[in-house]
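Undergrad: Please find structure04.pdb (PDB, C-alpha atoms) on the next line:
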```pdb
ATOM      1  CA  MET A 236    -198.955-130.500-187.926  1.00  0.00           C
ATOM      2  CA  LYS A 237    -198.990-131.012-184.157  1.00  0.00           C
ATOM      3  CA  TYR A 238    -196.520-133.274-182.383  1.00  0.00           C
ATOM      4  CA  ASN A 239    -196.888-134.494-178.794  1.00  0.00           C
ATOM      5  CA  PHE A 240    -193.999-135.029-176.416  1.00  0.00           C
ATOM      6  CA  GLU A 241    -193.572-136.212-172.870  1.00  0.00           C
ATOM      7  CA  ILE A 242    -191.358-133.764-170.983  1.00  0.00           C
ATOM      8  CA  LYS A 243    -190.045-134.742-167.541  1.00  0.00           C
ATOM      9  CA  GLY A 244    -187.769-132.994-165.102  1.00  0.00           C
ATOM     10  CA  ILE A 245    -188.916-129.378-165.272  1.00  0.00           C
ATOM     11  CA  ASP A 246    -188.396-127.828-161.828  1.00  0.00           C
ATOM     12  CA  CYS A 247    -191.438-125.557-161.563  1.00  0.00           C
ATOM     13  CA  ALA A 248    -194.343-123.950-163.418  1.00  0.00           C
ATOM     14  CA  ASN A 249    -192.349-120.726-163.931  1.00  0.00           C
ATOM     15  CA  CYS A 250    -189.517-122.723-165.522  1.00  0.00           C
ATOM     16  CA  ALA A 251    -192.046-124.387-167.845  1.00  0.00           C
ATOM     17  CA  ALA A 252    -193.492-120.989-168.823  1.00  0.00           C
ATOM     18  CA  GLU A 253    -190.026-119.571-169.536  1.00  0.00           C
ATOM     19  CA  LEU A 254    -189.131-122.636-171.580  1.00  0.00           C
ATOM     20  CA  GLU A 255    -192.366-122.300-173.542  1.00  0.00           C
ATOM     21  CA  ARG A 256    -191.585-118.630-174.310  1.00  0.00           C
ATOM     22  CA  GLU A 257    -188.093-119.518-175.545  1.00  0.00           C
ATOM     23  CA  ILE A 258    -189.323-122.421-177.690  1.00  0.00           C
ATOM     24  CA  ASN A 259    -191.997-120.237-179.294  1.00  0.00           C
ATOM     25  CA  LYS A 260    -189.214-117.961-180.606  1.00  0.00           C
ATOM     26  CA  VAL A 261    -187.747-120.773-182.752  1.00  0.00           C
ATOM     27  CA  ASP A 262    -188.154-120.227-186.499  1.00  0.00           C
ATOM     28  CA  GLY A 263    -190.601-122.713-187.973  1.00  0.00           C
ATOM     29  CA  ILE A 264    -192.716-123.165-184.850  1.00  0.00           C
ATOM     30  CA  LYS A 265    -196.305-122.033-185.236  1.00  0.00           C
ATOM     31  CA  GLU A 266    -197.114-122.721-181.582  1.00  0.00           C
ATOM     32  CA  ALA A 267    -195.557-124.545-178.656  1.00  0.00           C
ATOM     33  CA  THR A 268    -197.292-125.288-175.368  1.00  0.00           C
ATOM     34  CA  ILE A 269    -195.987-126.962-172.237  1.00  0.00           C
ATOM     35  CA  ASN A 270    -198.304-128.448-169.619  1.00  0.00           C
ATOM     36  CA  PHE A 271    -196.188-128.526-166.442  1.00  0.00           C
ATOM     37  CA  MET A 272    -198.587-130.663-164.393  1.00  0.00           C
ATOM     38  CA  GLY A 273    -199.295-133.095-167.226  1.00  0.00           C
ATOM     39  CA  GLU A 274    -195.620-133.254-168.249  1.00  0.00           C
ATOM     40  CA  LYS A 275    -196.612-132.740-171.887  1.00  0.00           C
ATOM     41  CA  MET A 276    -195.355-130.500-174.673  1.00  0.00           C
ATOM     42  CA  ILE A 277    -197.128-129.876-177.986  1.00  0.00           C
ATOM     43  CA  ILE A 278    -195.178-128.432-180.896  1.00  0.00           C
ATOM     44  CA  GLU A 279    -196.952-127.239-184.045  1.00  0.00           C
ATOM     45  CA  CYS A 280    -194.794-126.922-187.154  1.00  0.00           C
ATOM     46  CA  GLU A 281    -194.616-127.994-190.771  1.00  0.00           C
ATOM     47  CA  GLU A 282    -193.839-131.694-191.209  1.00  0.00           C
ATOM     48  CA  ALA A 283    -190.880-130.915-193.492  1.00  0.00           C
ATOM     49  CA  GLU A 284    -189.319-128.680-190.805  1.00  0.00           C
ATOM     50  CA  LYS A 285    -189.894-131.003-187.825  1.00  0.00           C
ATOM     51  CA  GLU A 286    -186.389-132.482-187.639  1.00  0.00           C
ATOM     52  CA  GLU A 287    -184.622-129.111-187.773  1.00  0.00           C
ATOM     53  CA  VAL A 288    -187.110-127.489-185.380  1.00  0.00           C
ATOM     54  CA  MET A 289    -186.712-130.293-182.841  1.00  0.00           C
ATOM     55  CA  LYS A 290    -182.910-129.977-182.903  1.00  0.00           C
ATOM     56  CA  LYS A 291    -183.293-126.321-181.932  1.00  0.00           C
ATOM     57  CA  VAL A 292    -185.959-127.093-179.310  1.00  0.00           C
ATOM     58  CA  LYS A 293    -183.842-129.793-177.662  1.00  0.00           C
ATOM     59  CA  LYS A 294    -180.863-127.426-177.592  1.00  0.00           C
ATOM     60  CA  ILE A 295    -182.966-124.815-175.761  1.00  0.00           C
ATOM     61  CA  ILE A 296    -184.288-127.414-173.321  1.00  0.00           C
ATOM     62  CA  LYS A 297    -180.777-128.676-172.514  1.00  0.00           C
ATOM     63  CA  ARG A 298    -179.575-125.100-171.967  1.00  0.00           C
ATOM     64  CA  GLU A 299    -182.498-124.062-169.745  1.00  0.00           C
ATOM     65  CA  GLU A 300    -183.294-127.397-168.025  1.00  0.00           C
ATOM     66  CA  PRO A 301    -180.268-129.725-168.353  1.00  0.00           C
ATOM     67  CA  ASP A 302    -181.907-132.588-166.415  1.00  0.00           C
ATOM     68  CA  CYS A 303    -185.077-132.510-168.509  1.00  0.00           C
ATOM     69  CA  ILE A 304    -185.980-135.541-170.650  1.00  0.00           C
ATOM     70  CA  VAL A 305    -188.059-135.180-173.843  1.00  0.00           C
ATOM     71  CA  LYS A 306    -189.648-138.124-175.613  1.00  0.00           C
ATOM     72  CA  GLU A 307    -192.112-138.116-178.516  1.00  0.00           C
ATOM     73  CA  ILE A 308    -195.397-139.877-177.805  1.00  0.00           C
TER
END
```
Take the structure from the file and write it as structure tokens.

TA:
Amino acid sequence: MKYNFEIKGIDCANCAAELEREINKVDGIKEATINFMGEKMIIECEEAEKEEVMKKVKKIIKREEPDCIVKEI
């Protein structure tokens, strides 16, 4: 299942690409994409794993981009 998020506060396109690479390494994620210009992130994972996956994703985001804000849309 795909989930859409608004992601604000990423410094640059390279930062977004690095964040996307790190998020794609999380167990349970089939695919993650970040659109830097559109300030959007799409995470594809199983519905049953969403809560656990998102905890890991948010931890990565806070580590890599501490000022970044993520909100599900």

Undergrad: Tell me which of A:Cys250, A:Ile242, A:Ile296, A:Cys280 sits closest to Asp262 (chain A), counting all atoms listed in the file.

TA: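 Comparing A:Cys250, A:Ile242, A:Ile296, A:Cys280 against Asp262 (chain A), the winner is A:Cys280.
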
Undergrad: Between A:Lys294, A:Lys260, A:Lys265, A:Lys306, which is the closest to Met236 (chain A) once you count only C-alpha atoms?

TA: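 Nearest candidate to Met236 (chain A) out of A:Lys294, A:Lys260, A:Lys265, A:Lys306: A:Lys265.
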
Undergrad: Distance CA of Arg298 (chain A)-CA of Glu257 (chain A), one decimal place?

TA: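 The value is 10.8 Å.
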
Undergrad: Work out how far CA of Glu279 (chain A) is from CA of Asn239 (chain A), in Å to one decimal.

TA: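 Distance reported for this atom pair: 9.0 Å.
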
Undergrad: For the file shown, what are the residues hit by the PyMOL selection byres ((chain A and resi 237) around 12), laid out as a ChimeraX atom specification?

TA: /A:236,238-240,264-268,276-282,284-285,307-308

Undergrad: To one decimal in Å, tell me the separation between CA of Phe271 (chain A) and CA of Ile295 (chain A).

TA: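 Result for CA of Phe271 (chain A) versus CA of Ile295 (chain A): 16.6 Å, one decimal.
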
Undergrad: To test the calculation: enclose all listed atoms of region 291-306 of chain A in a box whose edges run along x, y and z, add 8 Å on each side, then state centre and edge lengths in Å to one decimal, as JSON.

TA:
```
{"center_x": -184.6, "center_y": -131.1, "center_z": -174.2, "size_x": 26.1, "size_y": 30.1, "size_z": 31.5}
```

Undergrad: So that I can see what lies close to Glu299 (chain A), please list as a list in words the residues with an atom at most 12 Å from it, counting all atoms listed in the file and leaving out residues fewer than 5 positions away in the same chain.

TA: Gly244, Ile245, Asp246, Asn249, Cys250, Ala251, Ala252, Glu253, Leu254, Glu255, Arg256, Glu257, Ile258, Val292, Lys293 and Lys294 of chain A

Undergrad: Here is a test: counting all atoms listed in the file, which residue of A:Lys297, A:Lys243, A:Met289, A:Asp302 is nearest to Glu274 (chain A)?

TA: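 The shortest atom-to-atom distance to Glu274 (chain A) comes from A:Lys243.
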
Undergrad: Counting all atoms listed in the file, which of A:Met272, A:Val288, A:Pro301, A:Asn259 gets nearest to Glu241 (chain A)?

TA: A:Met272
